[in-house]
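This is target_7.pdb (PDB, N, CA and C atoms).
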```pdb
ATOM      1  N   MET A 239      28.079  66.454 -21.020
ATOM      2  CA  MET A 239      26.954  65.738 -21.572
ATOM      3  C   MET A 239      27.186  64.242 -21.648
ATOM      4  N   SER A 240      28.438  63.849 -21.712
ATOM      5  CA  SER A 240      28.675  62.418 -21.871
ATOM      6  C   SER A 240      28.245  61.639 -20.634
ATOM      7  N   GLY A 241      28.266  62.293 -19.478
ATOM      8  CA  GLY A 241      27.779  61.641 -18.255
ATOM      9  C   GLY A 241      26.287  61.381 -18.323
ATOM     10  N   VAL A 242      25.537  62.337 -18.932
ATOM     11  CA  VAL A 242      24.089  62.180 -19.090
ATOM     12  C   VAL A 242      23.797  61.026 -20.039
ATOM     13  N   ARG A 243      24.560  60.963 -21.121
ATOM     14  CA  ARG A 243      24.369  59.872 -22.090
ATOM     15  C   ARG A 243      24.679  58.520 -21.446
ATOM     16  N   ALA A 244      25.703  58.495 -20.612
ATOM     17  CA  ALA A 244      26.054  57.249 -19.933
ATOM     18  C   ALA A 244      24.922  56.822 -19.006
ATOM     19  N   LEU A 245      24.339  57.808 -18.294
ATOM     20  CA  LEU A 245      23.210  57.491 -17.414
ATOM     21  C   LEU A 245      21.998  57.018 -18.218
ATOM     22  N   GLU A 246      21.725  57.700 -19.343
ATOM     23  CA  GLU A 246      20.602  57.285 -20.195
ATOM     24  C   GLU A 246      20.832  55.876 -20.731
ATOM     25  N   SER A 247      22.054  55.608 -21.130
ATOM     26  CA  SER A 247      22.390  54.282 -21.639
ATOM     27  C   SER A 247      22.204  53.230 -20.544
ATOM     28  N   THR A 248      22.657  53.573 -19.342
ATOM     29  CA  THR A 248      22.504  52.645 -18.214
ATOM     30  C   THR A 248      21.033  52.420 -17.899
ATOM     31  N   LEU A 249      20.235  53.504 -17.894
ATOM     32  CA  LEU A 249      18.799  53.375 -17.634
ATOM     33  C   LEU A 249      18.111  52.541 -18.712
ATOM     34  N   ASN A 250      18.500  52.775 -19.961
ATOM     35  CA  ASN A 250      17.931  51.975 -21.052
ATOM     36  C   ASN A 250      18.274  50.493 -20.881
ATOM     37  N   TYR A 251      19.511  50.235 -20.462
ATOM     38  CA  TYR A 251      19.921  48.849 -20.253
ATOM     39  C   TYR A 251      19.141  48.232 -19.092
ATOM     40  N   ILE A 252      18.928  49.011 -18.026
ATOM     41  CA  ILE A 252      18.145  48.522 -16.885
ATOM     42  C   ILE A 252      16.712  48.225 -17.322
ATOM     43  N   ARG A 253      16.105  49.112 -18.123
ATOM     44  CA  ARG A 253      14.748  48.863 -18.636
ATOM     45  C   ARG A 253      14.709  47.595 -19.488
ATOM     46  N   PHE A 254      15.753  47.451 -20.330
ATOM     47  CA  PHE A 254      15.838  46.251 -21.170
ATOM     48  C   PHE A 254      15.891  44.994 -20.293
ATOM     49  N   LEU A 255      16.717  45.043 -19.243
ATOM     50  CA  LEU A 255      16.836  43.890 -18.347
ATOM     51  C   LEU A 255      15.529  43.618 -17.607
ATOM     52  N   GLU A 256      14.836  44.685 -17.197
ATOM     53  CA  GLU A 256      13.548  44.505 -16.529
ATOM     54  C   GLU A 256      12.532  43.861 -17.469
ATOM     55  N   ASP A 257      12.501  44.325 -18.725
ATOM     56  CA  ASP A 257      11.590  43.728 -19.711
ATOM     57  C   ASP A 257      11.940  42.258 -19.951
ATOM     58  N   LYS A 258      13.235  42.002 -20.076
ATOM     59  CA  LYS A 258      13.686  40.625 -20.305
ATOM     60  C   LYS A 258      13.326  39.751 -19.105
ATOM     61  N   ASN A 259      13.504  40.291 -17.904
ATOM     62  CA  ASN A 259      13.172  39.564 -16.682
ATOM     63  C   ASN A 259      11.675  39.250 -16.640
ATOM     64  N   LYS A 260      10.854  40.221 -17.028
ATOM     65  CA  LYS A 260       9.408  40.016 -17.055
ATOM     66  C   LYS A 260       9.039  38.913 -18.053
ATOM     67  N   GLU A 261       9.655  38.951 -19.246
ATOM     68  CA  GLU A 261       9.391  37.919 -20.255
ATOM     69  C   GLU A 261       9.784  36.536 -19.737
ATOM     70  N   LEU A 262      10.954  36.474 -19.108
ATOM     71  CA  LEU A 262      11.422  35.185 -18.585
ATOM     72  C   LEU A 262      10.529  34.683 -17.450
ATOM     73  N   ARG A 263      10.047  35.595 -16.618
ATOM     74  CA  ARG A 263       9.144  35.218 -15.535
ATOM     75  C   ARG A 263       7.836  34.660 -16.104
ATOM     76  N   GLU A 264       7.303  35.326 -17.144
ATOM     77  CA  GLU A 264       6.072  34.846 -17.783
ATOM     78  C   GLU A 264       6.291  33.479 -18.428
ATOM     79  N   GLN A 265       7.441  33.328 -19.084
ATOM     80  CA  GLN A 265       7.750  32.040 -19.707
ATOM     81  C   GLN A 265       7.893  30.959 -18.636
ATOM     82  N   ASN A 266       8.534  31.286 -17.535
ATOM     83  CA  ASN A 266       8.687  30.332 -16.440
ATOM     84  C   ASN A 266       7.326  29.944 -15.866
ATOM     85  N   ASP A 267       6.445  30.924 -15.678
ATOM     86  CA  ASP A 267       5.100  30.634 -15.175
ATOM     87  C   ASP A 267       4.357  29.699 -16.121
ATOM     88  N   PHE A 268       4.478  29.974 -17.419
ATOM     89  CA  PHE A 268       3.833  29.115 -18.411
ATOM     90  C   PHE A 268       4.376  27.687 -18.329
ATOM     91  N   LEU A 269       5.705  27.569 -18.247
ATOM     92  CA  LEU A 269       6.316  26.239 -18.194
ATOM     93  C   LEU A 269       5.958  25.498 -16.908
ATOM     94  N   GLU A 270       5.879  26.213 -15.803
ATOM     95  CA  GLU A 270       5.462  25.586 -14.542
ATOM     96  C   GLU A 270       4.025  25.077 -14.652
ATOM     97  N   ASP A 271       3.163  25.872 -15.260
ATOM     98  CA  ASP A 271       1.775  25.452 -15.456
ATOM     99  C   ASP A 271       1.704  24.243 -16.386
ATOM    100  N   GLU A 272       2.503  24.276 -17.428
ATOM    101  CA  GLU A 272       2.548  23.151 -18.376
ATOM    102  C   GLU A 272       3.048  21.881 -17.684
ATOM    103  N   LYS A 273       4.057  22.029 -16.842
ATOM    104  CA  LYS A 273       4.581  20.886 -16.089
ATOM    105  C   LYS A 273       3.501  20.309 -15.176
ATOM    106  N   ARG A 274       2.757  21.174 -14.509
ATOM    107  CA  ARG A 274       1.683  20.725 -13.623
ATOM    108  C   ARG A 274       0.629  19.952 -14.414
ATOM    109  N   ARG A 275       0.265  20.477 -15.596
ATOM    110  CA  ARG A 275      -0.720  19.784 -16.437
ATOM    111  C   ARG A 275      -0.192  18.432 -16.902
ATOM    112  N   CYS A 276       1.091  18.380 -17.229
ATOM    113  CA  CYS A 276       1.688  17.105 -17.667
ATOM    114  C   CYS A 276       1.645  16.074 -16.545
ATOM    115  N   TYR A 277       1.944  16.504 -15.320
ATOM    116  CA  TYR A 277       1.888  15.575 -14.198
ATOM    117  C   TYR A 277       0.463  15.085 -13.966
ATOM    118  N   LEU A 278      -0.511  15.972 -14.128
ATOM    119  CA  LEU A 278      -1.903  15.539 -13.991
ATOM    120  C   LEU A 278      -2.264  14.523 -15.076
ATOM    121  N   ASP A 279      -1.827  14.786 -16.305
ATOM    122  CA  ASP A 279      -2.074  13.842 -17.401
ATOM    123  C   ASP A 279      -1.404  12.504 -17.128
ATOM    124  N   MET A 280      -0.175  12.549 -16.616
ATOM    125  CA  MET A 280       0.531  11.303 -16.307
ATOM    126  C   MET A 280      -0.211  10.515 -15.235
ATOM    127  N   LYS A 281      -0.734  11.213 -14.236
ATOM    128  CA  LYS A 281      -1.472  10.534 -13.173
ATOM    129  C   LYS A 281      -2.729   9.882 -13.742
ATOM    130  N   LYS A 282      -3.451  10.597 -14.598
ATOM    131  CA  LYS A 282      -4.642  10.029 -15.231
ATOM    132  C   LYS A 282      -4.274   8.821 -16.081
ATOM    133  N   ASP A 283      -3.165   8.935 -16.822
ATOM    134  CA  ASP A 283      -2.719   7.823 -17.665
ATOM    135  C   ASP A 283      -2.359   6.603 -16.823
ATOM    136  N   GLU A 284      -1.680   6.824 -15.698
ATOM    137  CA  GLU A 284      -1.323   5.707 -14.819
ATOM    138  C   GLU A 284      -2.574   5.041 -14.260
ATOM    139  N   GLU A 285      -3.570   5.836 -13.880
ATOM    140  CA  GLU A 285      -4.820   5.269 -13.377
ATOM    141  C   GLU A 285      -5.516   4.459 -14.464
ATOM    142  N   THR A 286      -5.514   4.977 -15.687
ATOM    143  CA  THR A 286      -6.127   4.256 -16.806
ATOM    144  C   THR A 286      -5.388   2.949 -17.070
ATOM    145  N   ILE A 287      -4.065   2.988 -17.017
ATOM    146  CA  ILE A 287      -3.270   1.776 -17.235
ATOM    147  C   ILE A 287      -3.593   0.735 -16.170
ATOM    148  N   GLU A 288      -3.674   1.153 -14.918
ATOM    149  CA  GLU A 288      -4.002   0.213 -13.838
ATOM    150  C   GLU A 288      -5.397  -0.373 -14.025
ATOM    151  N   ARG A 289      -6.341   0.468 -14.420
ATOM    152  CA  ARG A 289      -7.705  -0.018 -14.650
ATOM    153  C   ARG A 289      -7.724  -1.029 -15.789
ATOM    154  N   LEU A 290      -6.991  -0.744 -16.858
ATOM    155  CA  LEU A 290      -6.941  -1.661 -17.996
ATOM    156  C   LEU A 290      -6.229  -2.965 -17.639
ATOM    157  N   LYS A 291      -5.205  -2.885 -16.794
ATOM    158  CA  LYS A 291      -4.528  -4.111 -16.350
ATOM    159  C   LYS A 291      -5.490  -4.996 -15.563
ATOM    160  N   ARG A 292      -6.257  -4.378 -14.655
ATOM    161  CA  ARG A 292      -7.236  -5.155 -13.882
ATOM    162  C   ARG A 292      -8.286  -5.765 -14.796
ATOM    163  N   SER A 293      -8.754  -4.975 -15.752
ATOM    164  CA  SER A 293      -9.756  -5.464 -16.696
ATOM    165  C   SER A 293      -9.188  -6.615 -17.521
ATOM    166  N   ASN A 294      -7.953  -6.474 -17.971
ATOM    167  CA  ASN A 294      -7.306  -7.519 -18.754
ATOM    168  C   ASN A 294      -7.171  -8.794 -17.929
ATOM    169  N   LEU A 295      -6.765  -8.655 -16.678
ATOM    170  CA  LEU A 295      -6.632  -9.808 -15.796
ATOM    171  C   LEU A 295      -7.980 -10.494 -15.605
ATOM    172  N   TYR A 296      -9.010  -9.702 -15.373
ATOM    173  CA  TYR A 296     -10.354 -10.248 -15.178
ATOM    174  C   TYR A 296     -10.824 -10.993 -16.433
ATOM    175  N   LEU A 297     -10.663 -10.374 -17.597
ATOM    176  CA  LEU A 297     -11.110 -11.006 -18.842
ATOM    177  C   LEU A 297     -10.286 -12.248 -19.173
ATOM    178  N   THR A 298      -8.995 -12.206 -18.885
ATOM    179  CA  THR A 298      -8.150 -13.382 -19.102
ATOM    180  C   THR A 298      -8.615 -14.526 -18.216
ATOM    181  N   GLN A 299      -8.955 -14.221 -16.972
ATOM    182  CA  GLN A 299      -9.438 -15.252 -16.055
ATOM    183  C   GLN A 299     -10.751 -15.845 -16.554
ATOM    184  N   ILE A 300     -11.627 -15.020 -17.101
ATOM    185  CA  ILE A 300     -12.889 -15.524 -17.658
ATOM    186  C   ILE A 300     -12.610 -16.477 -18.816
ATOM    187  N   VAL A 301     -11.689 -16.104 -19.690
ATOM    188  CA  VAL A 301     -11.351 -16.964 -20.834
ATOM    189  C   VAL A 301     -10.759 -18.282 -20.348
ATOM    190  N   ILE A 302      -9.856 -18.223 -19.377
ATOM    191  CA  ILE A 302      -9.243 -19.443 -18.841
ATOM    192  C   ILE A 302     -10.300 -20.332 -18.207
ATOM    193  N   ASP A 303     -11.190 -19.736 -17.410
ATOM    194  CA  ASP A 303     -12.252 -20.519 -16.774
ATOM    195  C   ASP A 303     -13.151 -21.161 -17.815
ATOM    196  N   SER A 304     -13.504 -20.407 -18.830
ATOM    197  CA  SER A 304     -14.366 -20.928 -19.891
ATOM    198  C   SER A 304     -13.675 -22.069 -20.624
ATOM    199  N   TYR A 305     -12.405 -21.902 -20.938
ATOM    200  CA  TYR A 305     -11.645 -22.941 -21.635
ATOM    201  C   TYR A 305     -11.533 -24.194 -20.760
ATOM    202  N   SER A 306     -11.235 -23.993 -19.472
ATOM    203  CA  SER A 306     -11.119 -25.134 -18.556
ATOM    204  C   SER A 306     -12.440 -25.875 -18.454
ATOM    205  N   GLU A 307     -13.527 -25.133 -18.348
ATOM    206  CA  GLU A 307     -14.857 -25.752 -18.250
ATOM    207  C   GLU A 307     -15.163 -26.534 -19.520
ATOM    208  N   SER A 308     -14.840 -25.988 -20.666
ATOM    209  CA  SER A 308     -15.109 -26.685 -21.925
ATOM    210  C   SER A 308     -14.253 -27.944 -22.024
ATOM    211  N   LYS A 309     -12.997 -27.887 -21.595
ATOM    212  CA  LYS A 309     -12.136 -29.080 -21.610
ATOM    213  C   LYS A 309     -12.664 -30.131 -20.640
ATOM    214  N   ARG A 310     -13.073 -29.696 -19.443
ATOM    215  CA  ARG A 310     -13.626 -30.640 -18.466
ATOM    216  C   ARG A 310     -14.860 -31.327 -19.010
ATOM    217  N   SER A 311     -15.732 -30.559 -19.623
ATOM    218  CA  SER A 311     -16.969 -31.144 -20.134
ATOM    219  C   SER A 311     -16.678 -32.101 -21.287
ATOM    220  N   SER A 312     -15.727 -31.770 -22.166
ATOM    221  CA  SER A 312     -15.410 -32.687 -23.268
ATOM    222  C   SER A 312     -14.732 -33.945 -22.736
ATOM    223  N   MET A 313     -13.921 -33.821 -21.691
ATOM    224  CA  MET A 313     -13.298 -35.010 -21.098
ATOM    225  C   MET A 313     -14.350 -35.895 -20.442
ATOM    226  N   ASN A 314     -15.338 -35.282 -19.785
ATOM    227  CA  ASN A 314     -16.419 -36.068 -19.175
ATOM    228  C   ASN A 314     -17.218 -36.801 -20.240
ATOM    229  N   ARG A 315     -17.476 -36.154 -21.368
ATOM    230  CA  ARG A 315     -18.210 -36.820 -22.451
ATOM    231  C   ARG A 315     -17.413 -38.005 -22.985
ATOM    232  N   ARG A 316     -16.106 -37.818 -23.154
ATOM    233  CA  ARG A 316     -15.268 -38.929 -23.629
ATOM    234  C   ARG A 316     -15.248 -40.063 -22.612
ATOM    235  N   LYS A 317     -15.145 -39.684 -21.339
ATOM    236  CA  LYS A 317     -15.123 -40.691 -20.276
ATOM    237  C   LYS A 317     -16.412 -41.495 -20.288
ATOM    238  N   LEU A 318     -17.552 -40.793 -20.423
ATOM    239  CA  LEU A 318     -18.839 -41.493 -20.482
ATOM    240  C   LEU A 318     -18.921 -42.354 -21.735
ATOM    241  N   GLY A 319     -18.390 -41.859 -22.850
ATOM    242  CA  GLY A 319     -18.399 -42.635 -24.096
ATOM    243  C   GLY A 319     -17.592 -43.911 -23.951
ATOM    244  N   ARG A 320     -16.437 -43.827 -23.317
ATOM    245  CA  ARG A 320     -15.623 -45.031 -23.110
ATOM    246  C   ARG A 320     -16.332 -45.984 -22.165
ATOM    247  N   LYS A 321     -16.979 -45.402 -21.162
ATOM    248  CA  LYS A 321     -17.688 -46.226 -20.181
ATOM    249  C   LYS A 321     -18.810 -47.001 -20.860
ATOM    250  N   TRP A 322     -19.574 -46.322 -21.737
ATOM    251  CA  TRP A 322     -20.689 -46.995 -22.411
ATOM    252  C   TRP A 322     -20.185 -48.003 -23.436
ATOM    253  N   ARG A 323     -19.093 -47.704 -24.112
ATOM    254  CA  ARG A 323     -18.545 -48.651 -25.092
ATOM    255  C   ARG A 323     -17.974 -49.884 -24.413
ATOM    256  N   ALA A 324     -17.486 -49.718 -23.194
ATOM    257  CA  ALA A 324     -16.902 -50.848 -22.468
ATOM    258  C   ALA A 324     -17.979 -51.828 -22.026
ATOM    259  N   ARG A 325     -19.212 -51.412 -21.898
ATOM    260  CA  ARG A 325     -20.290 -52.300 -21.434
ATOM    261  C   ARG A 325     -20.682 -53.193 -22.499
TER     262      ARG A 325
END
```
Write out the structure in this file as structure tokens.
Amino acid sequence: MSGVRALESTLNYIRFLEDKNKELREQNDFLEDEKRRCYLDMKKDEETIERLKRSNLYLTQIVIDSYSESKRSSMNRRKLGRKWRAR
């Protein structure tokens, strides 16, 4: 009978390993799917960052242009003021 018990024990261990293998396979599938989703999120985030960088550059250029125009106009007013005072 001890041979039968040894076989039953071996079969039980094989079933245990098969169940464990199935659990690990499911966990691996979940992690692979999670990794894929993370890469998609990272790609979206990178695209958003690039879009925001372009927007920031554009808005900074508008501010610089506006500031330059305001300085030019104030310098022209001063220049005209000096010109009229000199007459």
Segment 246-255 of chain A: axis-aligned bounding box, 6 Å on each side, centre and edge lengths in Å, one decimal, as JSON:
```
{"center_x": 18.7, "center_y": 50.7, "center_z": -19.3, "size_x": 19.9, "size_y": 26.1, "size_z": 16.8}
```
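Computed from the coordinates, the atom N of Leu262 of chain A to atom CA of Glu246 of chain A distance equals 23.0 Å.
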Atom N of Ser308 of chain A to atom C of Glu288 of chain A, straight-line distance in Å: 28.1 Å
From atom N of Asn314 of chain A to atom C of Asn294 of chain A the spacing works out at 27.8 Å
